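Heads up, data.cif below (mmCIF, C-alpha atoms):
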data_query
#
loop_
_atom_site.label_atom_id
_atom_site.label_comp_id
_atom_site.auth_asym_id
_atom_site.auth_seq_id
_atom_site.Cartn_x
_atom_site.Cartn_y
_atom_site.Cartn_z
CA MET A 1 25.33 -36.96 -2.98
CA LYS A 2 24.56 -34.73 -5.96
CA LYS A 3 21.29 -33.63 -4.34
CA ILE A 4 23.13 -32.70 -1.13
CA LEU A 5 25.71 -30.68 -3.06
CA SER A 6 22.98 -28.97 -5.07
CA GLY A 7 21.22 -28.01 -1.84
CA ILE A 8 24.43 -26.58 -0.41
CA PHE A 9 25.09 -24.53 -3.54
CA LEU A 10 21.50 -23.24 -3.55
CA PHE A 11 21.80 -22.22 0.12
CA LEU A 12 25.09 -20.43 -0.49
CA PHE A 13 23.57 -18.67 -3.51
CA LEU A 14 20.58 -17.44 -1.50
CA VAL A 15 22.81 -16.20 1.33
CA SER A 16 25.06 -14.45 -1.17
CA TYR A 17 22.04 -12.90 -2.87
CA ALA A 18 20.59 -11.61 0.40
CA GLN A 19 23.94 -10.09 1.31
CA SER A 20 24.33 -8.44 -2.08
CA ASP A 21 20.75 -7.19 -2.34
CA PRO A 22 20.73 -3.73 -0.69
CA THR A 23 16.96 -3.85 -0.12
CA GLN A 24 17.18 -7.09 1.81
CA THR A 25 20.10 -5.74 3.83
CA VAL A 26 18.07 -2.69 4.84
CA LEU A 27 15.10 -4.87 5.79
CA SER A 28 17.34 -7.16 7.81
CA ASP A 29 18.89 -4.22 9.69
CA ILE A 30 15.48 -2.73 10.48
CA THR A 31 14.24 -6.10 11.78
CA GLU A 32 17.32 -6.35 13.99
CA LYS A 33 16.76 -2.87 15.46
CA VAL A 34 13.13 -3.68 16.22
CA LYS A 35 14.23 -6.96 17.82
CA ASN A 36 16.78 -5.26 20.08
CA TYR A 37 15.03 -1.98 20.92
CA TYR A 38 11.25 -2.05 20.48
CA ILE A 39 9.34 -2.18 23.75
CA ASP A 40 7.50 -5.35 22.69
CA LYS A 41 10.28 -7.93 22.40
CA GLU A 42 8.15 -10.23 20.23
CA ALA A 43 7.13 -7.60 17.66
CA TYR A 44 10.17 -8.25 15.45
CA LYS A 45 8.58 -11.55 14.40
CA LYS A 46 5.69 -9.62 12.84
CA VAL A 47 8.19 -7.31 11.14
CA ASP A 48 10.18 -10.25 9.78
CA SER A 49 7.01 -11.91 8.47
CA LEU A 50 5.82 -8.61 6.97
CA PHE A 51 9.07 -8.02 5.08
CA LYS A 52 9.19 -11.60 3.76
CA ASN A 53 5.61 -11.42 2.50
CA GLU A 54 6.07 -8.02 0.85
CA SER A 55 9.33 -9.18 -0.77
CA LYS A 56 7.66 -12.34 -2.06
CA LYS A 57 4.89 -10.24 -3.61
CA GLY A 58 7.47 -7.98 -5.23
CA ASN A 59 6.04 -4.90 -3.56
CA PHE A 60 9.48 -3.41 -2.97
CA ASN A 61 10.39 -3.64 -6.65
CA SER A 62 10.56 -0.47 -8.75
CA LEU A 63 10.15 1.81 -5.71
CA SER A 64 12.37 4.86 -5.44
CA LYS A 65 14.33 5.06 -2.18
CA LYS A 66 12.04 7.83 -0.97
CA ASP A 67 8.91 5.82 -1.80
CA PHE A 68 10.49 2.71 -0.28
CA ALA A 69 10.95 4.57 3.01
CA ALA A 70 7.37 5.88 2.96
CA PHE A 71 6.06 2.38 2.18
CA LEU A 72 8.01 0.91 5.10
CA THR A 73 6.69 3.61 7.44
CA GLN A 74 3.10 2.87 6.51
CA LYS A 75 3.52 -0.91 6.76
CA LEU A 76 5.34 -0.81 10.10
CA ARG A 77 2.73 1.50 11.62
CA THR A 78 -0.23 -0.61 10.50
CA THR A 79 1.35 -4.00 11.25
CA ILE A 80 2.69 -3.13 14.72
CA LYS A 81 -0.08 -0.57 15.35
CA ASP A 82 2.39 2.04 16.57
CA LYS A 83 2.49 5.39 14.79
CA HIS A 84 5.87 6.32 16.22
CA PHE A 85 7.59 4.06 13.65
CA PHE A 86 9.17 6.17 10.91
CA VAL A 87 11.57 5.58 8.02
CA LYS A 88 13.04 8.39 5.93
CA TYR A 89 15.45 8.31 3.01
CA LEU A 90 18.51 10.47 3.71
CA GLU A 91 19.59 11.84 0.38
CA ASN A 92 23.35 12.57 0.08
CA TYR A 93 24.00 11.29 3.60
CA SER A 94 27.46 9.97 4.43
CA PRO A 95 29.10 9.18 7.79
CA GLN A 96 31.96 11.52 6.88
CA LYS A 97 29.52 14.41 6.54
CA ALA A 98 27.59 13.51 9.68
CA VAL A 99 28.00 16.22 12.31
CA ASP A 100 28.52 15.43 15.99
CA GLU A 101 25.64 15.57 18.46
CA LYS A 102 26.24 19.16 19.56
CA GLU A 103 26.37 20.41 15.98
CA ARG A 104 23.25 18.44 15.12
CA GLU A 105 21.42 19.93 18.11
CA LYS A 106 22.58 23.41 17.12
CA GLU A 107 21.27 22.89 13.60
CA ASN A 108 17.93 21.54 14.86
CA ASN A 109 17.56 24.49 17.21
CA PHE A 110 18.20 26.90 14.36
CA HIS A 111 15.53 25.31 12.15
CA ASN A 112 13.07 25.25 15.07
CA SER A 113 13.79 28.92 15.78
CA LEU A 114 12.57 29.75 12.27
CA GLU A 115 9.13 28.65 13.51
CA ASN A 116 9.56 30.42 16.86
CA LEU A 117 10.16 27.06 18.60
CA GLY A 118 6.54 26.07 18.08
CA PHE A 119 4.96 29.16 19.63
CA GLU A 120 2.73 30.30 16.81
CA ASN A 121 0.64 32.85 18.68
CA VAL A 122 0.22 34.17 22.24
CA GLN A 123 -2.53 36.66 23.00
CA ARG A 124 -5.26 37.84 25.37
CA LEU A 125 -8.82 37.08 24.28
CA GLU A 126 -11.88 39.08 25.33
CA GLY A 127 -12.83 38.39 28.92
CA ASN A 128 -9.17 38.38 30.01
CA VAL A 129 -8.56 34.88 28.69
CA GLY A 130 -5.00 33.84 27.83
CA TYR A 131 -4.36 31.95 24.60
CA ILE A 132 -1.23 30.06 23.51
CA ASN A 133 -1.14 28.44 20.08
CA PHE A 134 1.65 25.89 20.41
CA LYS A 135 2.66 23.68 17.48
CA GLY A 136 5.70 21.68 18.56
CA PHE A 137 8.00 20.75 21.44
CA ALA A 138 11.53 21.84 20.50
CA SER A 139 14.38 21.16 22.94
CA ARG A 140 13.98 22.47 26.48
CA GLU A 141 17.27 24.38 26.32
CA SER A 142 16.27 26.29 23.20
CA SER A 143 12.63 26.83 24.23
CA GLU A 144 12.94 27.78 27.90
CA LYS A 145 13.11 31.56 27.39
CA THR A 146 10.31 31.62 24.82
CA LEU A 147 8.05 29.53 27.06
CA ALA A 148 8.82 31.82 30.00
CA ALA A 149 7.96 34.86 27.87
CA ALA A 150 4.66 33.27 26.79
CA MET A 151 3.72 32.37 30.35
CA ASN A 152 4.68 35.81 31.64
CA PHE A 153 2.51 37.41 28.95
CA ILE A 154 -0.61 35.52 30.05
CA ALA A 155 0.19 35.60 33.78
CA ASN A 156 -2.51 38.16 34.63
CA THR A 157 -5.33 36.46 32.74
CA ASN A 158 -8.16 34.75 34.60
CA SER A 159 -8.05 31.55 32.54
CA LEU A 160 -5.90 30.00 29.83
CA ILE A 161 -6.47 28.14 26.56
CA ILE A 162 -3.55 26.07 25.20
CA ASP A 163 -4.09 25.17 21.55
CA LEU A 164 -2.43 21.86 20.62
CA ARG A 165 -4.60 21.05 17.62
CA GLU A 166 -1.64 21.17 15.22
CA ASN A 167 1.04 20.03 17.65
CA GLY A 168 2.93 16.93 16.55
CA GLY A 169 4.93 16.48 19.76
CA GLY A 170 8.69 16.50 20.26
CA ASP A 171 11.09 16.83 23.17
CA ASN A 172 10.29 15.02 26.44
CA ASP A 173 12.19 17.51 28.63
CA MET A 174 10.19 20.37 27.11
CA LEU A 175 7.00 18.49 27.97
CA LEU A 176 8.11 18.28 31.61
CA LEU A 177 9.08 21.95 31.65
CA PHE A 178 5.71 23.04 30.25
CA CYS A 179 3.90 20.86 32.81
CA SER A 180 5.99 22.45 35.58
CA TYR A 181 4.19 25.78 35.11
CA PHE A 182 0.96 24.26 36.42
CA PHE A 183 2.27 22.42 39.50
CA ASP A 184 3.04 24.38 42.65
CA LYS A 185 5.84 21.99 43.64
CA LYS A 186 7.97 19.23 42.16
CA SER A 187 5.75 16.28 41.22
CA ASP A 188 6.52 12.85 39.78
CA LEU A 189 4.41 12.40 36.64
CA TYR A 190 5.48 9.16 35.00
CA THR A 191 8.14 6.51 34.68
CA THR A 192 9.88 5.49 31.45
CA TYR A 193 11.16 1.95 30.97
CA PHE A 194 13.81 1.32 28.29
CA ARG A 195 13.94 -2.35 27.31
CA ASN A 196 17.39 -2.38 25.69
CA LYS A 197 18.92 -0.94 28.88
CA ASP A 198 16.50 -2.65 31.26
CA GLU A 199 16.30 0.71 32.97
CA THR A 200 13.44 2.72 34.48
CA VAL A 201 13.65 6.47 35.05
CA ILE A 202 11.26 8.77 36.88
CA ASN A 203 10.05 11.89 35.05
CA SER A 204 9.17 14.85 37.28
CA THR A 205 8.16 18.48 37.01
CA GLN A 206 10.50 21.24 38.18
CA SER A 207 9.86 23.01 41.48
CA THR A 208 10.97 26.34 39.97
CA VAL A 209 10.76 27.77 36.46
CA SER A 210 12.16 30.91 34.86
CA GLY A 211 8.72 32.36 34.08
CA GLN A 212 5.63 32.89 36.23
CA LYS A 213 3.69 29.75 37.10
CA TYR A 214 -0.01 29.55 36.24
CA LEU A 215 -1.66 28.14 39.37
CA HIS A 216 -5.21 27.71 40.69
CA LYS A 217 -6.85 29.01 37.51
CA LYS A 218 -8.95 27.42 34.79
CA VAL A 219 -6.91 25.85 31.99
CA TYR A 220 -8.35 24.41 28.78
CA ILE A 221 -6.37 22.34 26.26
CA LEU A 222 -7.52 22.05 22.65
CA THR A 223 -6.86 18.78 20.81
CA SER A 224 -7.43 17.27 17.38
CA LYS A 225 -6.57 14.04 15.60
CA LYS A 226 -3.26 15.72 14.71
CA SER A 227 -2.26 16.22 18.36
CA PHE A 228 0.51 13.67 18.84
CA SER A 229 3.02 12.29 21.34
CA ALA A 230 4.26 15.06 23.69
CA ALA A 231 1.20 17.15 22.83
CA GLU A 232 -0.96 14.27 24.02
CA GLY A 233 1.28 14.03 27.09
CA LEU A 234 0.63 17.63 28.12
CA ALA A 235 -3.12 17.08 27.79
CA TYR A 236 -2.97 13.68 29.52
CA PHE A 237 -1.06 14.72 32.64
CA LEU A 238 -2.81 18.04 33.22
CA GLN A 239 -6.16 16.30 32.74
CA GLU A 240 -5.17 13.42 35.01
CA HIS A 241 -4.08 15.79 37.79
CA LYS A 242 -7.31 17.79 37.31
CA LEU A 243 -5.36 20.90 36.34
CA ALA A 244 -6.96 21.28 32.90
CA GLU A 245 -10.01 20.31 30.86
CA VAL A 246 -9.50 18.94 27.35
CA ILE A 247 -11.74 20.22 24.56
CA GLY A 248 -11.76 19.00 20.97
CA GLU A 249 -11.21 15.65 19.27
CA LYS A 250 -9.89 12.35 20.59
CA THR A 251 -6.18 12.02 19.76
CA GLU A 252 -4.42 9.17 17.94
CA GLY A 253 -2.57 7.64 20.91
CA ALA A 254 1.24 7.75 20.67
CA ALA A 255 2.80 7.67 24.12
CA ASN A 256 6.10 5.82 23.93
CA PRO A 257 9.46 7.58 23.37
CA VAL A 258 11.59 6.78 20.34
CA ASP A 259 15.23 6.11 19.53
CA HIS A 260 16.74 6.88 16.12
CA PHE A 261 19.12 4.84 13.98
CA ILE A 262 20.92 5.29 10.67
CA ILE A 263 20.39 2.25 8.45
CA GLN A 264 23.09 1.49 5.83
CA ASN A 265 24.00 5.20 5.70
CA GLN A 266 20.82 5.78 3.71
CA TYR A 267 17.77 5.73 5.96
CA LEU A 268 16.70 7.25 9.26
CA LEU A 269 14.72 4.79 11.38
CA LEU A 270 12.68 5.77 14.44
CA VAL A 271 11.81 2.93 16.80
CA PRO A 272 9.66 3.31 19.94
CA ALA A 273 12.24 2.13 22.48
CA GLY A 274 10.57 2.86 25.81
CA GLN A 275 7.27 2.67 27.64
CA ILE A 276 5.89 5.35 29.92
CA LYS A 277 3.48 4.80 32.80
CA SER A 278 1.66 7.40 34.85
CA VAL A 279 2.58 7.28 38.54
CA ILE A 280 -1.14 7.63 39.32
CA SER A 281 -2.85 5.18 36.98
CA HIS A 282 0.20 3.12 35.89
CA LYS A 283 -1.19 3.51 32.37
CA ASN A 284 -0.65 5.78 29.36
CA TRP A 285 -2.46 6.82 26.19
CA GLU A 286 -0.71 4.42 23.76
CA HIS A 287 -3.22 3.12 21.16
CA ILE A 288 -6.00 4.78 23.21
CA GLY A 289 -5.53 8.52 22.75
CA ILE A 290 -6.75 11.36 24.93
CA THR A 291 -10.50 11.48 25.45
CA PRO A 292 -11.67 15.11 25.71
CA ASP A 293 -13.80 16.26 28.63
CA HIS A 294 -15.86 18.10 26.04
CA GLU A 295 -15.73 16.49 22.59
CA VAL A 296 -16.31 18.78 19.60
CA LYS A 297 -14.92 19.06 16.09
CA ALA A 298 -11.39 20.45 16.02
CA GLU A 299 -12.43 23.56 14.12
CA ASP A 300 -15.00 24.39 16.84
CA ALA A 301 -12.75 23.74 19.84
CA LEU A 302 -11.44 27.28 20.35
CA LYS A 303 -14.91 28.78 20.24
CA ALA A 304 -16.20 26.10 22.64
CA ALA A 305 -13.36 26.76 25.09
CA HIS A 306 -13.85 30.53 24.95
CA ILE A 307 -17.59 30.14 25.65
CA LYS A 308 -16.80 27.83 28.55
CA THR A 309 -14.40 30.35 30.11
CA LEU A 310 -16.91 33.20 29.74
CA LYS A 311 -19.70 31.18 31.37
CA ASN A 312 -17.35 30.33 34.22
CA ILE A 313 -16.62 34.05 34.64
CA LEU A 314 -20.34 34.73 35.03
CA GLN A 315 -20.79 31.83 37.42
CA THR A 316 -17.89 32.83 39.68
CA GLU A 317 -18.49 36.56 39.27
CA THR A 318 -14.86 37.03 38.26
CA LYS A 319 -13.90 40.60 37.40
CA THR A 320 -12.77 41.27 33.82
CA GLU A 321 -12.57 44.26 31.50
CA LEU A 322 -16.09 43.37 30.30
CA SER A 323 -19.35 44.11 32.08
CA ILE A 324 -21.83 41.29 32.68
CA PRO A 325 -24.07 42.39 29.76
CA GLU A 326 -21.00 42.55 27.51
CA ILE A 327 -19.97 39.02 28.51
CA LYS A 328 -23.49 37.72 27.82
CA ASN A 329 -23.52 39.42 24.42
CA LEU A 330 -20.14 37.91 23.58
CA ILE A 331 -21.37 34.44 24.54
CA ASN A 332 -24.44 34.86 22.33
CA LYS A 333 -22.25 36.03 19.47
CA LEU A 334 -19.89 33.02 19.80
CA GLU A 335 -22.80 30.57 20.06
CA GLN A 336 -24.40 31.76 16.81
#
Structure rendered as structure tokens:
Amino acid sequence: MKKILSGIFLFLFLVSYAQSDPTQTVLSDITEKVKNYYIDKEAYKKVDSLFKNESKKGNFNSLSKKDFAAFLTQKLRTTIKDKHFFVKYLENYSPQKAVDEKEREKENNFHNSLENLGFENVQRLEGNVGYINFKGFASRESSEKTLAAAMNFIANTNSLIIDLRENGGGDNDMLLLFCSYFFDKKSDLYTTYFRNKDETVINSTQSTVSGQKYLHKKVYILTSKKSFSAAEGLAYFLQEHKLAEVIGEKTEGAANPVDHFIIQNQYLLLVPAGQIKSVISHKNWEHIGITPDHEVKAEDALKAAHIKTLKNILQTETKTELSIPEIKNLINKLEQ
């Protein structure tokens, strides 16, 4: 009888300890979110095992909250093999101070506008080649006019280079809007399945856009190992529909959309909560990445794309501001 009572007391002590230990509470909440939302319904078991092993080793001890979040991010990504997982410590966060969704969107749009909504540079290269250096997908609502202005600027060029080498992804609706500029009519691109809702939605391009569409011309997309998520999506779908060639490095492979959660009013948690599938291949680039049509080092991708456009101009005898000898000289100069 004493042994039974001792066991009961020990159990109650351990439960009480887990409830009073803030680290264990955070870990428990994260495991629960992964269990309920992550696209792989069995992955939470790996997360639970991971957290128990790391706790047993004492690897969470003596970590600052910021370092704890970074450690969790790294462990979740390597254990589940999904780089969309992300944990961030929210210093001075409180539910009372949390703004509503419209205010949060307004604040995000303001911060994104300080970086011109991801549009780093838009110009015309020699040989009448358009160039857009695009570094991030802000919300469609905030970006629509800037995208239209960029596309209008390069509308009269003979070919286009879209530089996504430093693009870390972002808004799904902005991805669809950007894709819309290269399709002459509304087209279904992919489906997204959300496990927690047991719901599938179809993602399509728009039939009309506010800027000038870029149709029936050569398009080249530059990629690097930093190209991520929506950036990979733009490359993937234009490549799949044979509307663009990809030049550069193979990407990391992060296809699935995320949902965000506030854990214990201290941490932001991003969990991949859906799975996308191309309507053509019924696949995506998760864990695989985008394989370039022409693989070169990231730092050489722009030069390689420019040379490719110039050679195509010679081959098709396309008129530009340059004479044929001038184009040949420019190719030789770029190839040196």
On this structure, the PyMOL selection byres ((chain A and resi 62-68) around 10) would catch which residues? List them as a CSV table (one decimal) with C-alpha atoms, in the coordinates of the input, sorted by chain and number.
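Result file follows (out.csv):
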chain,number,residue,atom,x,y,z
A,23,THR,CA,17.0,-3.8,-0.1
A,58,GLY,CA,7.5,-8.0,-5.2
A,59,ASN,CA,6.0,-4.9,-3.6
A,60,PHE,CA,9.5,-3.4,-3.0
A,61,ASN,CA,10.4,-3.6,-6.6
A,69,ALA,CA,11.0,4.6,3.0
A,70,ALA,CA,7.4,5.9,3.0
A,71,PHE,CA,6.1,2.4,2.2
A,72,LEU,CA,8.0,0.9,5.1
A,73,THR,CA,6.7,3.6,7.4
A,87,VAL,CA,11.6,5.6,8.0
A,88,LYS,CA,13.0,8.4,5.9
A,89,TYR,CA,15.4,8.3,3.0
A,90,LEU,CA,18.5,10.5,3.7
A,91,GLU,CA,19.6,11.8,0.4
A,266,GLN,CA,20.8,5.8,3.7
A,267,TYR,CA,17.8,5.7,6.0
Neighbours of Ser142 (chain A) within 9 Å (all atoms listed in the file; same-chain residues fewer than 6 positions away dropped), as a list in words?
Asn109, Asn112, Ser113 and Leu117 of chain A
Give me the residues near region 281-291 of chain A as number ranges by chain, where near means some atom within 8 Å (using all atoms listed in the file) and where sequence neighbours in that chain fewer than 4 positions away do not count.
A: 81-82, 232, 235-236, 246, 249-256, 276-277, 295
Taking the file as shown, find all residues satisfying the PyMOL selection byres ((chain A and resi 50-56) around 12) and write them as an NGL selection string.
:A and (18 or 21 or 23-31 or 43-49 or 57-62 or 68 or 71-72 or 74-80)
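The neighbours of Gln123 (chain A) here are the residues that come within 7 Å of it, using only C-alpha atoms and leaving out any residue fewer than 6 positions away in the same chain; they are Gly130, Tyr131 and Ile132 of chain A.
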Those residues with C-alpha atoms, as a PDB file, in the frame of the given file please?
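In the end it all went to out-v3.pdb:
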ATOM      1  CA  GLY A 130      -5.000  33.840  27.830  1.00  0.00           C
ATOM      2  CA  TYR A 131      -4.360  31.950  24.600  1.00  0.00           C
ATOM      3  CA  ILE A 132      -1.230  30.060  23.510  1.00  0.00           C
TER       4      ILE A 132
END
Pull out every residue that the PyMOL selection byres ((chain A and resi 189) around 8) matches in the shown coordinates and put them as an NGL selection string.
:A and (187-188 or 190-191 or 202-205 or 237 or 278-280)
Keeping only C-alpha atoms, take the residues you just selected and write them out as a tab-separated table (two decimals), in the frame of the given file.
chain	number	residue	atom	x	y	z
A	187	SER	CA	5.75	16.28	41.22
A	188	ASP	CA	6.52	12.85	39.78
A	190	TYR	CA	5.48	9.16	35.00
A	191	THR	CA	8.14	6.51	34.68
A	202	ILE	CA	11.26	8.77	36.88
A	203	ASN	CA	10.05	11.89	35.05
A	204	SER	CA	9.17	14.85	37.28
A	205	THR	CA	8.16	18.48	37.01
A	237	PHE	CA	-1.06	14.72	32.64
A	278	SER	CA	1.66	7.40	34.85
A	279	VAL	CA	2.58	7.28	38.54
A	280	ILE	CA	-1.14	7.63	39.32
Just checking: using only C-alpha atoms, which residue out of A:Phe119, A:Val296, A:Lys218, A:Lys106 ends up closest to Thr316 (chain A)?
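Nearest to Thr316 (chain A): A:Lys218.
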Identify, on the basis of all atoms listed in the file, every residue whose closest approach to Phe153 (chain A) does not exceed 12 Å; exclude the query and any residue fewer than 6 positions from it along the same chain; express the result as a PyMOL selection string.
chain A and resi 121-124+128-132+146-147+160+211-214
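Rounded to one decimal, CA of Ala138 (chain A) and CA of Gly118 (chain A) lie 7.0 Å from each other.
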Which is closer to Glu107 (chain A) than all the others in A:Ala301, A:Ser139, A:Asn312, A:Leu125, using all atoms listed in the file?
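Smallest separation from Glu107 (chain A) among the options: A:Ser139.
With distances taken over all atoms listed in the file, A:Leu330 is the one residue among A:Leu330, A:Ala148, A:Leu164, A:Met174 lying closest to Ile307 (chain A).
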Show me, as an MDAnalysis selection string, the residues that have an atom within 12 Å of Lys333 (chain A) when counting only C-alpha atoms, minus same-chain residues fewer than 4 positions from it.
chainID A and resid 303 306:307 310 326:329
Reconstructed region 113-138 of chain A, atom set N, CA and C atoms, as a CSV table (one decimal), in the frame of the given file:
chain,number,residue,atom,x,y,z
A,113,SER,N,13.9,27.5,15.5
A,113,SER,CA,13.8,28.9,15.8
A,113,SER,C,13.1,29.7,14.6
A,114,LEU,N,13.2,29.1,13.4
A,114,LEU,CA,12.6,29.8,12.3
A,114,LEU,C,11.0,29.7,12.4
A,115,GLU,N,10.6,28.8,13.2
A,115,GLU,CA,9.1,28.6,13.5
A,115,GLU,C,8.8,29.0,15.0
A,116,ASN,N,9.7,29.9,15.5
A,116,ASN,CA,9.6,30.4,16.9
A,116,ASN,C,9.4,29.3,17.9
A,117,LEU,N,10.1,28.2,17.7
A,117,LEU,CA,10.2,27.1,18.6
A,117,LEU,C,8.8,26.5,18.9
A,118,GLY,N,7.9,26.6,17.9
A,118,GLY,CA,6.5,26.1,18.1
A,118,GLY,C,5.5,27.0,18.6
A,119,PHE,N,5.9,28.2,19.1
A,119,PHE,CA,5.0,29.2,19.6
A,119,PHE,C,4.4,30.0,18.5
A,120,GLU,N,3.3,29.6,18.0
A,120,GLU,CA,2.7,30.3,16.8
A,120,GLU,C,2.1,31.6,17.2
A,121,ASN,N,1.4,31.7,18.3
A,121,ASN,CA,0.6,32.8,18.7
A,121,ASN,C,0.4,32.9,20.2
A,122,VAL,N,0.6,34.0,20.8
A,122,VAL,CA,0.2,34.2,22.2
A,122,VAL,C,-0.5,35.5,22.4
A,123,GLN,N,-1.7,35.4,22.9
A,123,GLN,CA,-2.5,36.7,23.0
A,123,GLN,C,-3.5,36.6,24.2
A,124,ARG,N,-4.2,37.8,24.4
A,124,ARG,CA,-5.3,37.8,25.4
A,124,ARG,C,-6.6,38.0,24.6
A,125,LEU,N,-7.5,37.0,24.9
A,125,LEU,CA,-8.8,37.1,24.3
A,125,LEU,C,-9.8,37.9,25.2
A,126,GLU,N,-10.9,38.3,24.6
A,126,GLU,CA,-11.9,39.1,25.3
A,126,GLU,C,-12.4,38.3,26.6
A,127,GLY,N,-12.5,39.0,27.7
A,127,GLY,CA,-12.8,38.4,28.9
A,127,GLY,C,-11.6,38.1,29.8
A,128,ASN,N,-10.5,38.6,29.3
A,128,ASN,CA,-9.2,38.4,30.0
A,128,ASN,C,-8.8,36.9,30.0
A,129,VAL,N,-8.9,36.3,28.9
A,129,VAL,CA,-8.6,34.9,28.7
A,129,VAL,C,-7.2,34.8,27.9
A,130,GLY,N,-6.3,34.1,28.5
A,130,GLY,CA,-5.0,33.8,27.8
A,130,GLY,C,-5.1,32.8,26.8
A,131,TYR,N,-4.3,32.9,25.7
A,131,TYR,CA,-4.4,32.0,24.6
A,131,TYR,C,-2.9,31.7,24.1
A,132,ILE,N,-2.5,30.4,24.1
A,132,ILE,CA,-1.2,30.1,23.5
A,132,ILE,C,-1.5,29.0,22.4
A,133,ASN,N,-1.1,29.4,21.2
A,133,ASN,CA,-1.1,28.4,20.1
A,133,ASN,C,0.2,27.8,19.9
A,134,PHE,N,0.4,26.6,20.3
A,134,PHE,CA,1.6,25.9,20.4
A,134,PHE,C,1.7,24.7,19.5
A,135,LYS,N,2.7,24.7,18.6
A,135,LYS,CA,2.7,23.7,17.5
A,135,LYS,C,3.8,22.6,17.5
A,136,GLY,N,4.7,22.7,18.5
A,136,GLY,CA,5.7,21.7,18.6
A,136,GLY,C,6.6,21.9,19.7
A,137,PHE,N,7.1,20.7,20.3
A,137,PHE,CA,8.0,20.8,21.4
A,137,PHE,C,9.5,20.7,21.0
A,138,ALA,N,10.1,21.8,20.8
A,138,ALA,CA,11.5,21.8,20.5
A,138,ALA,C,12.3,21.5,21.8
